[in-house]
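This is data-v4.cif (mmCIF, C-alpha atoms).
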```
data_my_file
loop_
_atom_site.group_PDB
_atom_site.id
_atom_site.type_symbol
_atom_site.label_atom_id
_atom_site.label_comp_id
_atom_site.auth_asym_id
_atom_site.auth_seq_id
_atom_site.Cartn_x
_atom_site.Cartn_y
_atom_site.Cartn_z
ATOM 1 C CA MET A 20 0.000 0.000 0.000
ATOM 2 C CA ALA A 21 2.919 2.351 0.643
ATOM 3 C CA VAL A 22 3.902 2.235 -3.042
ATOM 4 C CA ARG A 23 0.447 2.985 -4.436
ATOM 5 C CA GLU A 24 1.531 6.608 -4.956
ATOM 6 C CA ASP A 25 4.344 5.380 -7.228
ATOM 7 C CA ILE A 26 2.160 3.476 -9.701
ATOM 8 C CA HIS A 27 3.561 5.582 -12.549
ATOM 9 C CA TYR A 28 6.920 3.922 -11.811
ATOM 10 C CA TYR A 29 5.476 0.609 -13.078
ATOM 11 C CA GLN A 30 4.021 1.973 -16.330
ATOM 12 C CA PRO A 31 7.099 1.351 -18.550
ATOM 13 C CA LEU A 32 7.363 -2.219 -17.264
ATOM 14 C CA TRP A 33 3.638 -2.771 -17.861
ATOM 15 C CA ASP A 34 3.896 -1.369 -21.414
ATOM 16 C CA GLN A 35 6.843 -3.657 -22.160
ATOM 17 C CA MET A 36 4.959 -6.718 -20.893
ATOM 18 C CA GLN A 37 1.923 -5.822 -23.021
ATOM 19 C CA VAL A 38 4.067 -5.529 -26.158
ATOM 20 C CA ASN A 39 5.637 -8.928 -25.447
ATOM 21 C CA SER A 40 2.236 -10.412 -24.465
ATOM 22 C CA ARG A 41 3.914 -11.995 -21.488
ATOM 23 C CA PHE A 42 3.370 -11.101 -17.835
ATOM 24 C CA SER A 43 6.126 -11.719 -15.291
ATOM 25 C CA MET A 44 5.288 -11.452 -11.611
ATOM 26 C CA LYS A 45 8.999 -11.662 -10.801
ATOM 27 C CA LYS A 46 9.688 -8.494 -12.799
ATOM 28 C CA VAL A 47 6.857 -6.660 -11.051
ATOM 29 C CA TYR A 48 8.112 -7.837 -7.657
ATOM 30 C CA ASP A 49 11.700 -6.817 -8.451
ATOM 31 C CA ARG A 50 10.480 -3.388 -9.537
ATOM 32 C CA ALA A 51 8.398 -3.055 -6.366
ATOM 33 C CA MET A 52 11.397 -3.944 -4.208
ATOM 34 C CA ASP A 53 13.256 -0.968 -5.709
ATOM 35 C CA VAL A 54 10.602 1.391 -4.306
ATOM 36 C CA VAL A 55 9.719 -0.178 -0.941
ATOM 37 C CA VAL A 56 10.899 1.662 2.145
ATOM 38 C CA GLU A 57 12.609 -0.455 4.786
ATOM 39 C CA VAL A 58 10.336 -1.026 7.794
ATOM 40 C CA ASN A 59 12.307 -0.707 11.025
ATOM 41 C CA TRP A 60 9.881 -2.785 13.089
ATOM 42 C CA LYS A 61 9.561 -5.784 10.778
ATOM 43 C CA HIS A 62 11.447 -8.026 13.213
ATOM 44 C CA MET A 63 8.529 -7.620 15.644
ATOM 45 C CA ILE A 64 6.298 -9.373 13.101
ATOM 46 C CA GLN A 65 8.729 -11.798 11.488
ATOM 47 C CA LYS A 66 9.073 -15.079 13.348
ATOM 48 C CA ASN A 67 6.576 -13.901 15.926
ATOM 49 C CA TYR A 68 4.754 -17.044 17.005
ATOM 50 C CA ALA A 69 1.811 -15.220 18.556
ATOM 51 C CA ARG A 70 -1.648 -15.953 17.199
ATOM 52 C CA PRO A 71 -2.276 -14.291 13.815
ATOM 53 C CA ARG A 72 -5.082 -12.163 15.278
ATOM 54 C CA ALA A 73 -2.686 -10.865 17.954
ATOM 55 C CA ILE A 74 -0.128 -9.946 15.299
ATOM 56 C CA LEU A 75 -2.863 -8.126 13.372
ATOM 57 C CA TYR A 76 -3.695 -6.025 16.435
ATOM 58 C CA LEU A 77 0.004 -5.352 16.985
ATOM 59 C CA CYS A 78 0.164 -3.941 13.441
ATOM 60 C CA LEU A 79 -3.029 -1.932 13.913
ATOM 61 C CA SER A 80 -1.746 -0.417 17.137
ATOM 62 C CA TYR A 81 1.645 0.341 15.589
ATOM 63 C CA HIS A 82 -0.049 2.316 12.825
ATOM 64 C CA GLY A 83 -2.469 4.020 15.246
ATOM 65 C CA ARG A 84 -5.491 2.346 13.662
ATOM 66 C CA LEU A 85 -7.167 0.849 16.726
ATOM 67 C CA ALA A 86 -10.715 2.166 17.039
ATOM 68 C CA THR A 87 -10.189 3.849 20.391
ATOM 69 C CA LYS A 88 -12.884 6.159 21.717
ATOM 70 C CA ALA A 89 -10.753 9.240 20.962
ATOM 71 C CA ARG A 90 -10.399 8.135 17.336
ATOM 72 C CA LEU A 91 -14.106 7.276 17.000
ATOM 73 C CA LYS A 92 -15.062 10.654 18.481
ATOM 74 C CA ARG A 93 -12.733 12.440 16.056
ATOM 75 C CA PHE A 94 -14.573 10.733 13.169
ATOM 76 C CA GLY A 95 -17.947 11.667 14.668
ATOM 77 C CA PHE A 96 -19.138 8.138 15.493
ATOM 78 C CA ILE A 97 -19.477 8.650 19.248
ATOM 79 C CA HIS A 98 -19.756 11.588 21.638
ATOM 80 C CA GLU A 99 -18.077 10.190 24.777
ATOM 81 C CA ASP A 100 -14.342 9.442 24.740
ATOM 82 C CA THR A 101 -13.662 8.604 28.385
ATOM 83 C CA CYS A 102 -11.830 5.335 29.117
ATOM 84 C CA VAL A 103 -14.309 2.614 30.079
ATOM 85 C CA GLN A 104 -11.877 0.967 32.486
ATOM 86 C CA CYS A 105 -10.659 3.839 34.662
ATOM 87 C CA LYS A 106 -13.428 6.329 33.706
ATOM 88 C CA VAL A 107 -10.985 9.225 34.200
ATOM 89 C CA LYS A 108 -8.984 10.030 31.056
ATOM 90 C CA VAL A 109 -9.560 10.109 27.307
ATOM 91 C CA GLU A 110 -9.158 6.684 25.697
ATOM 92 C CA THR A 111 -6.225 7.111 23.311
ATOM 93 C CA ILE A 112 -3.852 4.342 22.242
ATOM 94 C CA ASP A 113 -1.305 5.576 24.799
ATOM 95 C CA HIS A 114 -3.843 5.538 27.563
ATOM 96 C CA LEU A 115 -5.584 2.294 26.611
ATOM 97 C CA LEU A 116 -2.450 0.212 26.145
ATOM 98 C CA PHE A 117 -0.119 1.571 28.817
ATOM 99 C CA GLU A 118 -1.325 4.478 30.976
ATOM 100 C CA CYS A 119 -4.658 3.162 32.239
ATOM 101 C CA SER A 120 -4.318 1.743 35.744
ATOM 102 C CA GLU A 121 -6.070 -1.510 34.745
ATOM 103 C CA THR A 122 -3.952 -2.226 31.676
ATOM 104 C CA ASN A 123 -0.777 -1.056 33.376
ATOM 105 C CA LYS A 124 -1.429 -3.699 36.043
ATOM 106 C CA ILE A 125 -1.777 -6.346 33.313
ATOM 107 C CA TRP A 126 1.532 -5.322 31.697
ATOM 108 C CA LYS A 127 3.359 -5.363 35.037
ATOM 109 C CA GLU A 128 2.099 -8.848 35.898
ATOM 110 C CA VAL A 129 2.854 -10.348 32.479
ATOM 111 C CA LEU A 130 6.314 -8.765 32.233
ATOM 112 C CA GLY A 131 7.000 -9.726 35.854
ATOM 113 C CA TRP A 132 6.089 -13.322 35.008
ATOM 114 C CA LEU A 133 8.744 -13.167 32.259
ATOM 115 C CA GLY A 134 11.252 -11.726 34.746
ATOM 116 C CA ILE A 135 11.422 -8.372 32.959
ATOM 117 C CA ASN A 136 11.459 -5.294 35.143
ATOM 118 C CA HIS A 137 9.936 -2.612 32.920
ATOM 119 C CA GLN A 138 7.489 0.196 33.655
ATOM 120 C CA PRO A 139 5.190 0.767 30.629
ATOM 121 C CA GLN A 140 5.156 4.374 29.417
ATOM 122 C CA ARG A 141 3.911 6.249 26.335
ATOM 123 C CA TRP A 142 3.450 4.365 23.031
ATOM 124 C CA GLU A 143 6.436 5.982 21.256
ATOM 125 C CA HIS A 144 8.738 5.056 24.145
ATOM 126 C CA GLU A 145 7.333 1.538 24.251
ATOM 127 C CA LEU A 146 7.901 1.075 20.515
ATOM 128 C CA GLU A 147 11.564 1.982 20.935
ATOM 129 C CA TRP A 148 11.868 -0.376 23.905
ATOM 130 C CA ILE A 149 10.122 -3.172 22.006
ATOM 131 C CA LYS A 150 12.279 -2.681 18.905
ATOM 132 C CA SER A 151 15.517 -2.716 20.897
ATOM 133 C CA ASP A 152 14.613 -5.677 23.140
ATOM 134 C CA THR A 153 13.215 -7.947 20.418
ATOM 135 C CA LYS A 154 16.093 -7.665 17.926
ATOM 136 C CA ASN A 155 18.163 -10.297 19.709
ATOM 137 C CA LYS A 156 18.033 -13.879 18.557
ATOM 138 C CA ILE A 157 17.873 -15.261 22.072
ATOM 139 C CA SER A 158 14.757 -17.118 23.123
ATOM 140 C CA LEU A 159 13.660 -14.419 25.607
ATOM 141 C CA ALA A 160 13.381 -11.923 22.730
ATOM 142 C CA GLY A 161 11.145 -14.378 20.861
ATOM 143 C CA ILE A 162 8.969 -14.917 23.923
ATOM 144 C CA LEU A 163 8.826 -11.129 24.415
ATOM 145 C CA LYS A 164 7.495 -10.735 20.850
ATOM 146 C CA ILE A 165 4.727 -13.200 21.636
ATOM 147 C CA CYS A 166 4.075 -11.443 24.950
ATOM 148 C CA ILE A 167 3.722 -8.001 23.393
ATOM 149 C CA ALA A 168 1.395 -9.101 20.601
ATOM 150 C CA GLU A 169 -0.771 -11.237 22.877
ATOM 151 C CA THR A 170 -0.972 -8.592 25.601
ATOM 152 C CA ILE A 171 -2.045 -5.872 23.161
ATOM 153 C CA TYR A 172 -4.691 -8.210 21.745
ATOM 154 C CA GLU A 173 -5.997 -9.287 25.155
ATOM 155 C CA VAL A 174 -6.065 -5.677 26.429
ATOM 156 C CA TRP A 175 -8.170 -4.790 23.398
ATOM 157 C CA CYS A 176 -10.500 -7.740 24.056
ATOM 158 C CA TYR A 177 -10.717 -6.771 27.737
ATOM 159 C CA ARG A 178 -11.663 -3.221 26.766
ATOM 160 C CA ASN A 179 -14.387 -4.534 24.457
ATOM 161 C CA ALA A 180 -15.668 -6.915 27.133
ATOM 162 C CA VAL A 181 -16.025 -3.994 29.557
ATOM 163 C CA ILE A 182 -17.832 -1.889 26.944
ATOM 164 C CA PHE A 183 -20.316 -4.643 26.114
ATOM 165 C CA GLY A 184 -20.942 -5.594 29.724
ATOM 166 C CA ASN A 185 -19.229 -8.973 29.815
ATOM 167 C CA ASN A 186 -17.838 -9.913 33.201
ATOM 168 C CA SER A 187 -14.067 -9.798 32.983
ATOM 169 C CA ASP A 188 -11.293 -8.855 35.335
ATOM 170 C CA SER A 189 -7.621 -8.079 34.871
ATOM 171 C CA MET A 190 -6.544 -11.235 36.734
ATOM 172 C CA SER A 191 -8.334 -13.532 34.275
ATOM 173 C CA ILE A 192 -6.916 -11.531 31.349
ATOM 174 C CA THR A 193 -3.401 -11.887 32.766
ATOM 175 C CA LYS A 194 -3.929 -15.626 33.214
ATOM 176 C CA ASN A 195 -5.159 -15.930 29.605
ATOM 177 C CA ILE A 196 -2.100 -14.059 28.316
ATOM 178 C CA ILE A 197 0.310 -16.207 30.323
ATOM 179 C CA ASP A 198 -1.448 -19.399 29.173
ATOM 180 C CA VAL A 199 -1.206 -18.375 25.515
ATOM 181 C CA ILE A 200 2.450 -17.321 25.854
ATOM 182 C CA SER A 201 3.236 -20.632 27.570
ATOM 183 C CA TYR A 202 1.465 -22.660 24.902
ATOM 184 C CA ARG A 203 2.828 -20.707 21.919
ATOM 185 C CA GLY A 204 6.335 -20.823 23.394
ATOM 186 C CA TRP A 205 6.119 -24.534 24.181
ATOM 187 C CA VAL A 206 5.005 -25.411 20.651
ATOM 188 C CA HIS A 207 8.264 -23.971 19.283
ATOM 189 C CA GLN A 208 11.038 -26.112 20.685
ATOM 190 C CA LYS A 209 13.721 -23.426 20.544
ATOM 191 C CA TYR A 210 11.837 -21.490 23.256
ATOM 192 C CA ARG A 211 11.736 -24.403 25.686
ATOM 193 C CA LYS A 212 14.117 -24.176 28.611
ATOM 194 C CA GLY A 213 16.022 -27.438 28.969
#
```

Once more with this new file: its structure as structure tokens, please.
Amino acid sequence: MAVREDIHYYQPLWDQMQVNSRFSMKKVYDRAMDVVVEVNWKHMIQKNYARPRAILYLCLSYHGRLATKARLKRFGFIHEDTCVQCKVKVETIDHLLFECSETNKIWKEVLGWLGINHQPQRWEHELEWIKSDTKNKISLAGILKICIAETIYEVWCYRNAVIFGNNSDSMSITKNIIDVISYRGWVHQKYRKG
């Protein structure tokens, strides 16, 4: 999608293929690779053994596309943008994922379970921390990738459960996250300890 603005760049190649009456996907791909900008967070997605839906929500949150109340209010879909969990601040991505007292508690418990002493902060700071701590090829970095994706997904599900009146608490969410991380890590033998 990032190269859709550069479609004119493909026109000579397309014209040449029409004259030859032969289409080559390899030539189109090679041409596209000339234009594509390097993504500095691709290692967070590559070889991340979290559930596909969790990886999707990781991508959505990275691009600021989660339908938070602040975003929905900006588009005119809703009138109230207060966080449904703490009922104090505006529900932005920063607040929902890291600043809210409920979600902050979830992050602390999950990271504590992994033995990582980290205080979640604003989204930009967290992205830098995530990028730096998941670049290693050690197994803890791989487990941390799973942890981040699954925690973002479960926090989003928890938020939706609160909005729609389903009974949920942060302790059960934390247990779900730890269970999924344990299972997803156990399935991939390189993450097993001993």

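When the PyMOL selection byres ((chain A and resi 60) around 12) is evaluated on the file shown here, the picked residues come out as Val56, Glu57, Val58, Asn59, Lys61, His62, Met63, Ile64, Gln65, Asn67, Leu77, Cys78, Tyr81, His82, Leu146, Glu147, Trp148, Ile149, Lys150, Ser151, Asp152, Thr153, Lys154 and Lys164 of chain A.
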
(message) For a test of reading the model, state the distance in Å between CA of Ser80 in chain A and CA of Glu128 in chain A, rounded to one decimal.
(response)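 Computing the Euclidean distance for CA of Ser80 in chain A and CA of Glu128 in chain A yields 20.9 Å.
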
(request) Decode the PyMOL selection byres ((chain A and resi 85) around 12) for the given file into explicit residues and return them as an MDAnalysis selection string. (result) chainID A and resid 75:84 86:91 110:113 115:116 171:172 174:176 178:179

Let's have the selection written as an mmCIF file, in the frame of the given file, with C-alpha atoms.
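Wrote result-v4.cif, looks like this:
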```cif
data_model
loop_
_atom_site.group_PDB
_atom_site.id
_atom_site.type_symbol
_atom_site.label_atom_id
_atom_site.label_comp_id
_atom_site.auth_asym_id
_atom_site.auth_seq_id
_atom_site.Cartn_x
_atom_site.Cartn_y
_atom_site.Cartn_z
ATOM 1 C CA LEU A 75 -2.863 -8.126 13.372
ATOM 2 C CA TYR A 76 -3.695 -6.025 16.435
ATOM 3 C CA LEU A 77 0.004 -5.352 16.985
ATOM 4 C CA CYS A 78 0.164 -3.941 13.441
ATOM 5 C CA LEU A 79 -3.029 -1.932 13.913
ATOM 6 C CA SER A 80 -1.746 -0.417 17.137
ATOM 7 C CA TYR A 81 1.645 0.341 15.589
ATOM 8 C CA HIS A 82 -0.049 2.316 12.825
ATOM 9 C CA GLY A 83 -2.469 4.020 15.246
ATOM 10 C CA ARG A 84 -5.491 2.346 13.662
ATOM 11 C CA ALA A 86 -10.715 2.166 17.039
ATOM 12 C CA THR A 87 -10.189 3.849 20.391
ATOM 13 C CA LYS A 88 -12.884 6.159 21.717
ATOM 14 C CA ALA A 89 -10.753 9.240 20.962
ATOM 15 C CA ARG A 90 -10.399 8.135 17.336
ATOM 16 C CA LEU A 91 -14.106 7.276 17.000
ATOM 17 C CA GLU A 110 -9.158 6.684 25.697
ATOM 18 C CA THR A 111 -6.225 7.111 23.311
ATOM 19 C CA ILE A 112 -3.852 4.342 22.242
ATOM 20 C CA ASP A 113 -1.305 5.576 24.799
ATOM 21 C CA LEU A 115 -5.584 2.294 26.611
ATOM 22 C CA LEU A 116 -2.450 0.212 26.145
ATOM 23 C CA ILE A 171 -2.045 -5.872 23.161
ATOM 24 C CA TYR A 172 -4.691 -8.210 21.745
ATOM 25 C CA VAL A 174 -6.065 -5.677 26.429
ATOM 26 C CA TRP A 175 -8.170 -4.790 23.398
ATOM 27 C CA CYS A 176 -10.500 -7.740 24.056
ATOM 28 C CA ARG A 178 -11.663 -3.221 26.766
ATOM 29 C CA ASN A 179 -14.387 -4.534 24.457
#
```

(request) Grab the CA of Ile196 in chain A to CA of Phe117 in chain A distance for me, in Å with one decimal place. (result)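 Value for the CA of Ile196 in chain A-CA of Phe117 in chain A distance: 15.8 Å.
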
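Of the residues under consideration (A:Cys119, A:Val129, A:Cys102, A:Val107), A:Val129 shows the shortest atom-to-atom contact distance to Ile192 in chain A when counting all atoms listed in the file.
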
Would you place a box with edges along x, y and z of the file around all atoms of range 29-39 of chain A listed there, add 6 Å to each of its six sides, and report the centre and edge lengths in Å to one decimal, as JSON?
```
{"center_x": 4.6, "center_y": -3.5, "center_z": -19.6, "size_x": 17.4, "size_y": 22.9, "size_z": 25.1}
```

Pull N, CA, C and O atoms for range 73-101 of chain A from the block and write them as an mmCIF file, in the first residue's frame.
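This went into result27.cif:
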```
data_model
loop_
_atom_site.group_PDB
_atom_site.id
_atom_site.type_symbol
_atom_site.label_atom_id
_atom_site.label_comp_id
_atom_site.auth_asym_id
_atom_site.auth_seq_id
_atom_site.Cartn_x
_atom_site.Cartn_y
_atom_site.Cartn_z
ATOM 1 N N ALA A 73 -3.463 -11.721 17.057
ATOM 2 C CA ALA A 73 -2.686 -10.865 17.954
ATOM 3 C C ALA A 73 -1.676 -10.048 17.156
ATOM 4 O O ALA A 73 -1.463 -8.865 17.435
ATOM 5 N N ILE A 74 -1.078 -10.667 16.152
ATOM 6 C CA ILE A 74 -0.128 -9.946 15.299
ATOM 7 C C ILE A 74 -0.854 -8.854 14.514
ATOM 8 O O ILE A 74 -0.330 -7.752 14.331
ATOM 9 N N LEU A 75 -2.068 -9.139 14.066
ATOM 10 C CA LEU A 75 -2.863 -8.126 13.372
ATOM 11 C C LEU A 75 -3.094 -6.909 14.268
ATOM 12 O O LEU A 75 -2.915 -5.769 13.840
ATOM 13 N N TYR A 76 -3.454 -7.145 15.522
ATOM 14 C CA TYR A 76 -3.695 -6.025 16.435
ATOM 15 C C TYR A 76 -2.407 -5.305 16.803
ATOM 16 O O TYR A 76 -2.418 -4.104 17.067
ATOM 17 N N LEU A 77 -1.289 -6.003 16.795
ATOM 18 C CA LEU A 77 0.004 -5.352 16.985
ATOM 19 C C LEU A 77 0.265 -4.381 15.833
ATOM 20 O O LEU A 77 0.671 -3.238 16.060
ATOM 21 N N CYS A 78 -0.006 -4.821 14.611
ATOM 22 C CA CYS A 78 0.164 -3.941 13.441
ATOM 23 C C CYS A 78 -0.796 -2.753 13.497
ATOM 24 O O CYS A 78 -0.400 -1.617 13.223
ATOM 25 N N LEU A 79 -2.050 -3.018 13.826
ATOM 26 C CA LEU A 79 -3.029 -1.932 13.913
ATOM 27 C C LEU A 79 -2.618 -0.898 14.953
ATOM 28 O O LEU A 79 -2.716 0.308 14.715
ATOM 29 N N SER A 80 -2.148 -1.359 16.093
ATOM 30 C CA SER A 80 -1.746 -0.417 17.137
ATOM 31 C C SER A 80 -0.487 0.332 16.729
ATOM 32 O O SER A 80 -0.350 1.524 17.014
ATOM 33 N N TYR A 81 0.435 -0.332 16.046
ATOM 34 C CA TYR A 81 1.645 0.341 15.589
ATOM 35 C C TYR A 81 1.306 1.501 14.657
ATOM 36 O O TYR A 81 1.882 2.569 14.736
ATOM 37 N N HIS A 82 0.342 1.284 13.780
ATOM 38 C CA HIS A 82 -0.049 2.316 12.825
ATOM 39 C C HIS A 82 -1.089 3.289 13.383
ATOM 40 O O HIS A 82 -1.551 4.171 12.666
ATOM 41 N N GLY A 83 -1.487 3.122 14.634
ATOM 42 C CA GLY A 83 -2.469 4.020 15.246
ATOM 43 C C GLY A 83 -3.871 3.830 14.700
ATOM 44 O O GLY A 83 -4.674 4.757 14.678
ATOM 45 N N ARG A 84 -4.207 2.620 14.302
ATOM 46 C CA ARG A 84 -5.491 2.346 13.662
ATOM 47 C C ARG A 84 -6.504 1.651 14.569
ATOM 48 O O ARG A 84 -7.582 1.283 14.114
ATOM 49 N N LEU A 85 -6.172 1.434 15.831
ATOM 50 C CA LEU A 85 -7.167 0.849 16.726
ATOM 51 C C LEU A 85 -8.319 1.830 16.906
ATOM 52 O O LEU A 85 -8.109 3.035 17.019
ATOM 53 N N ALA A 86 -9.517 1.314 16.936
ATOM 54 C CA ALA A 86 -10.715 2.166 17.039
ATOM 55 C C ALA A 86 -10.951 2.568 18.490
ATOM 56 O O ALA A 86 -11.939 2.192 19.109
ATOM 57 N N THR A 87 -10.025 3.354 19.024
ATOM 58 C CA THR A 87 -10.189 3.849 20.391
ATOM 59 C C THR A 87 -11.311 4.880 20.413
ATOM 60 O O THR A 87 -11.721 5.400 19.373
ATOM 61 N N LYS A 88 -11.787 5.187 21.600
ATOM 62 C CA LYS A 88 -12.884 6.159 21.717
ATOM 63 C C LYS A 88 -12.464 7.536 21.208
ATOM 64 O O LYS A 88 -13.279 8.237 20.600
ATOM 65 N N ALA A 89 -11.225 7.936 21.456
ATOM 66 C CA ALA A 89 -10.753 9.240 20.962
ATOM 67 C C ALA A 89 -10.799 9.282 19.433
ATOM 68 O O ALA A 89 -11.213 10.280 18.842
ATOM 69 N N ARG A 90 -10.392 8.200 18.807
ATOM 70 C CA ARG A 90 -10.399 8.135 17.336
ATOM 71 C C ARG A 90 -11.833 8.120 16.796
ATOM 72 O O ARG A 90 -12.156 8.800 15.827
ATOM 73 N N LEU A 91 -12.709 7.334 17.435
ATOM 74 C CA LEU A 91 -14.106 7.276 17.000
ATOM 75 C C LEU A 91 -14.790 8.629 17.182
ATOM 76 O O LEU A 91 -15.601 9.032 16.346
ATOM 77 N N LYS A 92 -14.475 9.332 18.252
ATOM 78 C CA LYS A 92 -15.062 10.654 18.481
ATOM 79 C C LYS A 92 -14.569 11.642 17.420
ATOM 80 O O LYS A 92 -15.342 12.466 16.912
ATOM 81 N N ARG A 93 -13.297 11.554 17.081
ATOM 82 C CA ARG A 93 -12.733 12.440 16.056
ATOM 83 C C ARG A 93 -13.443 12.247 14.712
ATOM 84 O O ARG A 93 -13.649 13.192 13.964
ATOM 85 N N PHE A 94 -13.864 11.003 14.413
ATOM 86 C CA PHE A 94 -14.573 10.733 13.169
ATOM 87 C C PHE A 94 -16.070 10.985 13.284
ATOM 88 O O PHE A 94 -16.804 10.831 12.315
ATOM 89 N N GLY A 95 -16.544 11.344 14.479
ATOM 90 C CA GLY A 95 -17.947 11.667 14.668
ATOM 91 C C GLY A 95 -18.866 10.490 14.918
ATOM 92 O O GLY A 95 -20.085 10.616 14.825
ATOM 93 N N PHE A 96 -18.311 9.322 15.259
ATOM 94 C CA PHE A 96 -19.138 8.138 15.493
ATOM 95 C C PHE A 96 -19.725 8.095 16.897
ATOM 96 O O PHE A 96 -20.779 7.507 17.110
ATOM 97 N N ILE A 97 -19.006 8.643 17.867
ATOM 98 C CA ILE A 97 -19.477 8.650 19.248
ATOM 99 C C ILE A 97 -19.270 10.043 19.834
ATOM 100 O O ILE A 97 -18.574 10.878 19.255
ATOM 101 N N HIS A 98 -19.881 10.282 20.994
ATOM 102 C CA HIS A 98 -19.756 11.588 21.638
ATOM 103 C C HIS A 98 -18.923 11.523 22.911
ATOM 104 O O HIS A 98 -18.388 12.527 23.351
ATOM 105 N N GLU A 99 -18.808 10.362 23.519
ATOM 106 C CA GLU A 99 -18.077 10.190 24.777
ATOM 107 C C GLU A 99 -16.754 9.480 24.511
ATOM 108 O O GLU A 99 -16.740 8.425 23.888
ATOM 109 N N ASP A 100 -15.641 10.061 24.988
ATOM 110 C CA ASP A 100 -14.342 9.442 24.740
ATOM 111 C C ASP A 100 -13.582 9.069 26.013
ATOM 112 O O ASP A 100 -12.391 8.827 25.989
ATOM 113 N N THR A 101 -14.292 8.963 27.125
ATOM 114 C CA THR A 101 -13.662 8.604 28.385
ATOM 115 C C THR A 101 -13.373 7.102 28.426
ATOM 116 O O THR A 101 -14.173 6.296 27.960
#
```
